[in-house]
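S.K.: Data file coords.cif (mmCIF, C-alpha atoms) is appended below.
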data_query
loop_
_atom_site.label_atom_id
_atom_site.label_comp_id
_atom_site.auth_asym_id
_atom_site.auth_seq_id
_atom_site.Cartn_x
_atom_site.Cartn_y
_atom_site.Cartn_z
CA MET A 959 14.63 17.37 -18.43
CA ALA A 960 14.76 19.58 -15.35
CA MET A 961 13.78 17.99 -12.07
CA THR A 962 10.52 19.02 -10.46
CA TYR A 963 10.26 20.75 -7.09
CA LEU A 964 9.80 17.49 -5.18
CA GLU A 965 12.32 15.57 -7.26
CA THR A 966 14.91 18.20 -6.39
CA LEU A 967 14.03 17.98 -2.71
CA HIS A 968 14.18 14.19 -2.82
CA GLU A 969 17.65 14.34 -4.31
CA GLU A 970 18.77 16.79 -1.63
CA ILE A 971 17.48 14.45 1.07
CA ARG A 972 19.08 11.42 -0.59
CA SER A 973 22.43 13.20 -0.74
CA ARG A 974 22.40 13.59 3.07
CA GLN A 975 21.55 9.96 3.80
CA THR A 976 23.22 8.12 6.67
CA ALA A 977 22.98 4.35 6.46
CA ALA A 978 23.49 3.69 10.18
CA ASP A 979 20.78 6.15 11.20
CA ALA A 980 18.47 4.80 8.51
CA VAL A 981 18.69 1.34 10.04
CA LYS A 982 17.90 2.72 13.49
CA MET A 983 14.94 4.73 12.23
CA GLN A 984 13.52 1.79 10.33
CA ALA A 985 13.81 -0.40 13.43
CA TYR A 986 12.12 2.28 15.58
CA MET A 987 9.23 2.32 13.12
CA LYS A 988 8.94 -1.47 13.22
CA ASN A 989 10.54 -1.72 9.74
CA LYS A 990 7.34 -0.44 8.16
CA PHE A 991 9.08 2.22 6.08
CA ALA A 992 12.35 2.90 4.30
CA PHE A 993 14.44 5.80 5.56
CA TYR A 994 17.40 7.79 4.31
CA GLY A 995 18.38 8.35 7.92
CA LEU A 996 18.08 12.12 8.27
CA LYS A 997 17.66 13.10 11.90
CA SER A 998 15.16 15.84 12.63
CA PRO A 999 17.62 18.81 12.78
CA ILE A 1000 19.16 17.81 9.45
CA MET A 1001 15.77 17.24 7.86
CA LYS A 1002 14.63 20.68 8.99
CA GLU A 1003 17.81 22.22 7.63
CA VAL A 1004 17.37 20.57 4.23
CA ILE A 1005 13.75 21.68 3.92
CA ARG A 1006 14.51 25.19 5.16
CA ASN A 1007 17.29 25.60 2.59
CA HIS A 1008 15.09 24.16 -0.15
CA VAL A 1009 12.28 26.62 0.63
CA LYS A 1010 14.78 29.48 0.80
CA MET A 1011 16.01 28.53 -2.67
CA TYR A 1012 12.75 27.58 -4.40
CA GLY A 1013 9.93 28.92 -2.22
CA LEU A 1014 6.95 26.84 -1.16
CA PRO A 1015 5.55 24.31 -3.64
CA ASP A 1016 3.12 25.70 -6.18
CA MET A 1017 0.74 22.77 -5.91
CA SER A 1018 -2.71 22.05 -4.58
CA ILE A 1019 -2.93 20.09 -1.32
CA PRO A 1020 -4.18 16.94 -3.14
CA GLU A 1021 -1.37 17.06 -5.71
CA LEU A 1022 1.27 17.75 -3.08
CA THR A 1023 0.21 15.03 -0.66
CA LYS A 1024 -0.29 12.40 -3.35
CA LYS A 1025 3.19 12.96 -4.73
CA CYS A 1026 4.85 12.99 -1.31
CA TRP A 1027 3.01 9.83 -0.23
CA ASN A 1028 4.07 8.08 -3.45
CA TYR A 1029 7.72 8.24 -2.42
CA ARG A 1030 9.13 5.16 -0.75
CA GLU A 1031 11.28 6.97 1.78
CA ARG A 1032 9.57 8.20 4.93
CA GLU A 1033 11.35 11.54 4.88
CA MET A 1034 9.21 12.57 1.91
CA GLN A 1035 6.02 12.06 3.90
CA TYR A 1036 7.54 14.22 6.63
CA ALA A 1037 8.29 16.85 3.99
CA GLY A 1038 4.69 16.64 2.80
CA MET A 1039 3.42 17.29 6.33
CA PHE A 1040 5.74 20.29 6.65
CA PHE A 1041 4.43 21.80 3.43
CA VAL A 1042 0.79 21.27 4.41
CA ASP A 1043 1.60 23.01 7.71
CA LYS A 1044 2.82 26.01 5.72
CA LEU A 1045 -0.09 25.92 3.27
CA ARG A 1046 -2.89 25.29 5.78
CA LYS A 1047 -4.56 28.61 5.01
CA ASP A 1048 -5.02 27.39 1.44
CA ILE A 1049 -6.84 24.18 2.39
CA GLN A 1050 -10.15 23.91 0.58
CA GLU A 1051 -13.23 22.01 1.69
CA HIS A 1052 -12.85 19.61 -1.24
CA ASP A 1053 -9.33 18.69 -0.06
CA LEU A 1054 -10.81 16.35 2.55
CA GLN A 1055 -10.34 13.15 0.56
CA ALA A 1056 -6.66 13.93 0.02
CA LEU A 1057 -6.14 14.70 3.70
CA GLU A 1058 -7.89 11.49 4.72
CA ALA A 1059 -5.59 9.58 2.36
CA THR A 1060 -2.56 10.85 4.31
CA ILE A 1061 -4.10 9.13 7.34
CA THR A 1062 -5.20 5.87 5.72
CA GLU A 1063 -2.17 5.34 3.48
CA LYS A 1064 1.29 4.51 4.87
CA SER A 1065 -0.29 4.87 8.29
CA TRP A 1066 1.64 5.02 11.53
CA TRP A 1067 1.64 7.24 14.57
CA ASP A 1068 4.56 9.38 13.36
CA THR A 1069 2.41 10.90 10.60
CA VAL A 1070 -1.16 10.32 11.78
CA ASP A 1071 -0.77 12.15 15.10
CA HIS A 1072 0.58 15.30 13.46
CA ILE A 1073 -2.03 15.22 10.69
CA ALA A 1074 -4.89 14.63 13.13
CA LYS A 1075 -3.96 17.62 15.29
CA HIS A 1076 -2.57 20.11 12.79
CA HIS A 1077 -4.32 19.30 9.52
CA MET A 1078 -7.64 17.71 10.43
CA GLY A 1079 -8.02 19.91 13.49
CA HIS A 1080 -7.53 22.95 11.26
CA TYR A 1081 -9.85 21.54 8.59
CA ILE A 1082 -12.72 21.12 11.04
CA GLN A 1083 -12.18 24.57 12.53
CA SER A 1084 -12.32 25.97 8.99
CA PHE A 1085 -15.40 23.99 7.95
CA LYS A 1086 -17.34 23.55 11.17
CA HIS A 1087 -20.48 22.44 9.33
CA ARG A 1088 -18.66 19.19 8.50
CA GLU A 1089 -17.71 18.37 12.10
CA GLN A 1090 -20.59 16.13 13.16
CA GLU A 1091 -20.55 14.26 9.86
CA LEU A 1092 -16.81 13.62 10.01
CA VAL A 1093 -16.78 12.66 13.67
CA GLU A 1094 -19.41 10.00 12.96
CA LYS A 1095 -17.56 8.81 9.88
CA TRP A 1096 -14.15 8.57 11.54
CA ILE A 1097 -15.11 7.16 14.93
CA HIS A 1098 -17.12 4.33 13.36
CA SER A 1099 -14.69 3.63 10.53
CA PRO A 1100 -13.10 0.18 10.26
CA ASN A 1101 -9.81 2.06 9.89
CA MET A 1102 -8.18 2.35 13.30
CA TRP A 1103 -6.21 5.46 12.30
CA LEU A 1104 -9.40 7.34 11.46
CA ASN A 1105 -10.76 6.29 14.86
CA ARG A 1106 -7.62 7.74 16.42
CA THR A 1107 -8.05 10.93 14.39
CA ALA A 1108 -11.59 11.41 15.72
CA ILE A 1109 -10.21 11.19 19.26
CA LEU A 1110 -7.19 13.43 18.69
CA TYR A 1111 -8.22 16.17 16.26
CA GLN A 1112 -9.22 18.51 19.12
CA LEU A 1113 -5.73 18.40 20.64
CA GLY A 1114 -4.74 22.02 21.06
CA TYR A 1115 -8.29 23.37 20.92
CA LYS A 1116 -8.06 24.17 24.65
CA LYS A 1117 -11.12 26.27 25.63
CA GLU A 1118 -12.63 25.67 22.19
CA THR A 1119 -12.80 21.91 22.85
CA ASP A 1120 -16.29 20.52 22.38
CA GLU A 1121 -16.66 18.43 25.54
CA ASP A 1122 -19.73 16.61 24.25
CA ILE A 1123 -17.84 15.44 21.16
CA LEU A 1124 -14.81 14.47 23.26
CA LYS A 1125 -17.00 12.37 25.54
CA TYR A 1126 -18.87 10.86 22.61
CA VAL A 1127 -15.83 9.66 20.66
CA ILE A 1128 -14.24 8.19 23.77
CA GLU A 1129 -17.43 6.37 24.73
CA GLN A 1130 -17.63 4.85 21.24
CA GLN A 1131 -14.13 3.39 21.49
CA LYS A 1132 -13.51 2.86 25.21
CA GLU A 1133 -13.80 -0.93 24.91
CA ASN A 1134 -11.40 -1.11 21.98
CA LYS A 1135 -8.36 -3.23 22.94
CA GLU A 1136 -6.11 -1.68 20.29
CA PHE A 1137 -3.12 -0.01 21.98
CA PHE A 1138 -3.21 3.09 19.77
CA ILE A 1139 -6.86 3.70 20.62
CA ARG A 1140 -6.41 3.19 24.35
CA LYS A 1141 -3.40 5.49 24.27
CA ALA A 1142 -5.23 8.13 22.21
CA ILE A 1143 -8.10 8.26 24.70
CA GLY A 1144 -5.68 8.87 27.54
CA TRP A 1145 -3.72 11.45 25.58
CA ALA A 1146 -6.81 13.43 24.55
CA LEU A 1147 -8.04 13.58 28.15
CA ARG A 1148 -4.60 14.36 29.57
CA GLU A 1149 -4.23 17.25 27.14
CA TYR A 1150 -7.66 18.65 27.91
CA ALA A 1151 -6.94 18.34 31.64
CA LYS A 1152 -4.55 21.28 31.18
CA THR A 1153 -7.64 23.38 30.42
CA ASN A 1154 -10.35 21.72 32.52
CA PRO A 1155 -8.99 19.16 34.99
CA GLY A 1156 -12.30 18.97 36.85
CA PHE A 1157 -14.12 17.80 33.74
CA VAL A 1158 -11.49 15.14 33.08
CA VAL A 1159 -11.52 13.76 36.63
CA GLU A 1160 -15.32 13.64 36.69
CA PHE A 1161 -15.52 11.99 33.27
CA VAL A 1162 -12.82 9.42 34.02
CA ASN A 1163 -14.41 8.46 37.32
CA ALA A 1164 -17.83 8.11 35.69
CA THR A 1165 -16.64 6.17 32.66
CA GLY A 1166 -15.37 2.62 32.51
CA LEU A 1167 -12.10 3.35 30.80
CA GLN A 1168 -9.49 0.69 30.35
CA PRO A 1169 -6.53 0.94 32.76
CA LEU A 1170 -4.08 2.39 30.21
CA SER A 1171 -6.52 5.09 29.14
CA ARG A 1172 -7.32 5.99 32.73
CA LYS A 1173 -3.66 6.08 33.76
CA GLU A 1174 -2.71 8.33 30.84
CA ALA A 1175 -5.69 10.63 31.37
CA LEU A 1176 -4.88 11.30 35.02
CA LYS A 1177 -1.10 11.27 34.73
CA ASN A 1178 -0.63 14.99 35.40
CA ILE A 1179 -3.51 15.52 37.82
CA GLN A 1180 -2.21 15.59 41.35
CA HIS A 1181 -5.34 15.38 43.44
CA ILE A 1182 -8.27 13.21 42.42
CA GLU A 1183 -11.54 13.64 44.27
#
Kindly present the structure from the file in structure tokens form.

M.R.:
Amino acid sequence: MAMTYLETLHEEIRSRQTAADAVKMQAYMKNKFAFYGLKSPIMKEVIRNHVKMYGLPDMSIPELTKKCWNYREREMQYAGMFFVDKLRKDIQEHDLQALEATITEKSWWDTVDHIAKHHMGHYIQSFKHREQELVEKWIHSPNMWLNRTAILYQLGYKKETDEDILKYVIEQQKENKEFFIRKAIGWALREYAKTNPGFVVEFVNATGLQPLSRKEALKNIQHIE
């Protein structure tokens, strides 16, 4: 029986495995995932050649992400993110559950941060009527990675950033001691400071942020009134 699109890609990735690099990557990710050890340039080369040969996958977003997340090796989740990047224009409103699963399953910063910014950020821009509902759902979820997504999905929005939502999600989680939440708050503010540094300085000075969040938020602002 002929191999499927993803089975063929998986075999191509497996054939380029490097044991020494796999060990290093696993250690860097706290041994949470198995790796074949493909460094980023090699991974990009493999995927680029695969797409050149076979085109983009002819699958819905839910089918694609489920299959990629079912693989043990982390490289296949990276491949899944790449394909969703390429197929973003095809994302449907009913794909939300599948996208949320890529955040809540096999969760770690290496996937969640990209998905929050590029997939969920795009989803909300495409279906703005869902924004308030999803912000409330994510920021109050018991799942820390959904909390982080609510804080980070506006990364890259620049002038389109909703300042009221940014303030709201940070205020809901500012007392959270979890490192990834404290770091996300600082990152979101630091990024928005590139667009509106005055807003960030004023908000930080008026809000009781934890030291890490405050430090990260103001990292690139030279003069603080």

S.K.: Which residues, written as number ranges by chain, have at least one atom at most 10 Å from Gln1131 in chain A, with all atoms listed in the file counted and residues fewer than 3 positions away on the same chain left out?

M.R.: A: 1097-1098, 1105-1106, 1109, 1126-1128, 1134-1136, 1139-1140, 1143, 1167

S.K.: To test your reading of the syntax: which residues would the PyMOL selection byres ((chain A and resi 1178) around 9) return for the file shown? Reply as a list in words.

M.R.: Arg1148, Ala1151, Lys1152, Glu1174, Ala1175, Leu1176, Lys1177, Ile1179 and Gln1180 of chain A

S.K.: Between CA of Gln1055 in chain A and CA of Leu1022 in chain A, what is the distance, to one decimal in Å?

M.R.: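 About the pair CA of Gln1055 in chain A and CA of Leu1022 in chain A: they are 13.0 Å apart.
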
S.K.: What separation in Å, quoted to one decimal, exists between CA of Lys1125 in chain A and CA of Leu1170 in chain A?

M.R.: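 A separation of 17.0 Å between them.
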
S.K.: Looking at all atoms listed in the file, which of A:Arg974, A:Lys1064, A:His1076, A:Lys1024 is the one that sits closest to Glu1003 in chain A?

M.R.: A:Arg974

S.K.: Could you pull the residues within 9 Å of Ser1084 in chain A, counting all atoms listed in the file, minus those fewer than 5 positions along the same chain, as a list in words?

M.R.: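 The residues satisfying every condition are Ile1049, Gln1050, Glu1051 and Gly1079 of chain A.
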
S.K.: Rounded to one decimal in Å, what is the spacing between CA of Phe1041 in chain A and CA of Val1093 in chain A?

M.R.: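 Here the two named atoms are 25.3 Å from each other.
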
S.K.: With distances taken over all atoms listed in the file, which of A:Ala1074, A:Val1009, A:Met1102, A:Leu1054 is nearest to Met1039 in chain A?

M.R.: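 That would be A:Ala1074, the residue with the smallest distance to Met1039 in chain A.
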
S.K.: Name the residues that the PyMOL selection byres ((chain A and resi 1034) around 12) pulls out of this structure, and write them as an NGL selection string.

M.R.: :A and (964-972 or 991-996 or 1001 or 1004-1005 or 1022-1033 or 1035-1041 or 1064 or 1069)

S.K.: Looking at only C-alpha atoms, which of A:Trp1145, A:Tyr963, A:Tyr1081, A:Phe1137 is the one that sits closest to Asp1016 in chain A?

M.R.: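 When distances to Asp1016 in chain A are compared using only C-alpha atoms, the smallest one comes from A:Tyr963.
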
S.K.: Here is a test: counting only C-alpha atoms, which residue of A:Asp1120, A:Val1162, A:Phe1138, A:Asp1068 is nearest to Gln1090 in chain A?

M.R.: A:Asp1120

S.K.: With the input short on atoms, add all heavy atoms back to range 1138-1149 of chain A and write it as a CSV table (one decimal), in the coordinates of the input.

M.R.:
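Okay, out_23.csv is ready:
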chain,number,residue,atom,x,y,z
A,1138,PHE,N,-3.2,1.7,20.2
A,1138,PHE,CA,-3.2,3.1,19.8
A,1138,PHE,C,-4.5,3.8,20.1
A,1138,PHE,O,-4.5,5.0,20.1
A,1138,PHE,CB,-2.9,3.1,18.3
A,1138,PHE,CG,-1.5,2.8,17.9
A,1138,PHE,CD1,-1.1,1.6,17.3
A,1138,PHE,CD2,-0.5,3.8,18.2
A,1138,PHE,CE1,0.2,1.4,17.0
A,1138,PHE,CE2,0.9,3.5,17.9
A,1138,PHE,CZ,1.2,2.3,17.4
A,1139,ILE,N,-5.6,3.1,20.2
A,1139,ILE,CA,-6.9,3.7,20.6
A,1139,ILE,C,-6.9,4.0,22.1
A,1139,ILE,O,-7.3,5.1,22.6
A,1139,ILE,CB,-8.1,2.8,20.2
A,1139,ILE,CG1,-8.1,2.7,18.7
A,1139,ILE,CG2,-9.4,3.4,20.7
A,1139,ILE,CD1,-8.2,4.0,17.9
A,1140,ARG,N,-6.5,3.0,22.9
A,1140,ARG,CA,-6.4,3.2,24.4
A,1140,ARG,C,-5.5,4.4,24.7
A,1140,ARG,O,-5.8,5.2,25.6
A,1140,ARG,CB,-5.9,1.9,25.0
A,1140,ARG,CG,-6.9,0.8,25.0
A,1140,ARG,CD,-6.4,-0.5,25.7
A,1140,ARG,NE,-5.3,-1.1,25.1
A,1140,ARG,CZ,-4.2,-1.6,25.6
A,1140,ARG,NH1,-4.1,-1.5,27.0
A,1140,ARG,NH2,-3.3,-2.2,24.9
A,1141,LYS,N,-4.4,4.4,24.0
A,1141,LYS,CA,-3.4,5.5,24.3
A,1141,LYS,C,-4.0,6.8,23.8
A,1141,LYS,O,-3.8,7.9,24.5
A,1141,LYS,CB,-2.1,5.2,23.5
A,1141,LYS,CG,-0.9,6.0,23.9
A,1141,LYS,CD,-0.3,5.5,25.2
A,1141,LYS,CE,1.1,6.2,25.4
A,1141,LYS,NZ,1.7,5.7,26.7
A,1142,ALA,N,-4.7,6.9,22.7
A,1142,ALA,CA,-5.2,8.1,22.2
A,1142,ALA,C,-6.3,8.7,23.2
A,1142,ALA,O,-6.3,9.9,23.4
A,1142,ALA,CB,-5.8,7.9,20.8
A,1143,ILE,N,-7.1,7.8,23.7
A,1143,ILE,CA,-8.1,8.3,24.7
A,1143,ILE,C,-7.4,8.9,25.9
A,1143,ILE,O,-7.8,10.0,26.3
A,1143,ILE,CB,-9.0,7.1,25.1
A,1143,ILE,CG1,-9.9,6.6,24.0
A,1143,ILE,CG2,-9.8,7.4,26.4
A,1143,ILE,CD1,-10.6,5.3,24.2
A,1144,GLY,N,-6.4,8.3,26.4
A,1144,GLY,CA,-5.7,8.9,27.5
A,1144,GLY,C,-5.0,10.2,27.2
A,1144,GLY,O,-5.0,11.1,28.0
A,1145,TRP,N,-4.4,10.2,26.0
A,1145,TRP,CA,-3.7,11.4,25.6
A,1145,TRP,C,-4.7,12.6,25.4
A,1145,TRP,O,-4.4,13.7,25.9
A,1145,TRP,CB,-3.0,11.1,24.3
A,1145,TRP,CG,-2.2,12.3,23.7
A,1145,TRP,CD1,-1.8,13.4,24.4
A,1145,TRP,CD2,-1.6,12.4,22.4
A,1145,TRP,NE1,-1.1,14.2,23.5
A,1145,TRP,CE2,-0.9,13.6,22.3
A,1145,TRP,CE3,-1.7,11.5,21.3
A,1145,TRP,CZ2,-0.3,14.0,21.1
A,1145,TRP,CZ3,-1.0,11.9,20.1
A,1145,TRP,CH2,-0.3,13.1,20.1
A,1146,ALA,N,-5.8,12.4,24.8
A,1146,ALA,CA,-6.8,13.4,24.6
A,1146,ALA,C,-7.3,14.0,25.9
A,1146,ALA,O,-7.4,15.2,26.1
A,1146,ALA,CB,-8.0,12.9,23.7
A,1147,LEU,N,-7.6,13.1,26.8
A,1147,LEU,CA,-8.0,13.6,28.2
A,1147,LEU,C,-6.9,14.3,28.9
A,1147,LEU,O,-7.2,15.3,29.6
A,1147,LEU,CB,-8.6,12.4,28.9
A,1147,LEU,CG,-9.9,11.8,28.4
A,1147,LEU,CD1,-10.3,10.5,29.1
A,1147,LEU,CD2,-11.1,12.8,28.6
A,1148,ARG,N,-5.7,13.7,28.9
A,1148,ARG,CA,-4.6,14.4,29.6
A,1148,ARG,C,-4.3,15.8,29.0
A,1148,ARG,O,-4.1,16.7,29.8
A,1148,ARG,CB,-3.3,13.5,29.4
A,1148,ARG,CG,-2.1,14.0,30.2
A,1148,ARG,CD,-1.0,13.1,30.1
A,1148,ARG,NE,-0.3,13.1,28.8
A,1148,ARG,CZ,-0.3,12.1,27.9
A,1148,ARG,NH1,-1.0,11.0,28.2
A,1148,ARG,NH2,0.3,12.2,26.8
A,1149,GLU,N,-4.4,15.9,27.7
A,1149,GLU,CA,-4.2,17.2,27.1
A,1149,GLU,C,-5.3,18.2,27.6
A,1149,GLU,O,-5.1,19.4,27.9
A,1149,GLU,CB,-4.2,17.1,25.6
A,1149,GLU,CG,-3.8,18.4,24.9
A,1149,GLU,CD,-2.4,18.9,25.2
A,1149,GLU,OE1,-1.6,18.1,25.5
A,1149,GLU,OE2,-2.2,20.1,25.0
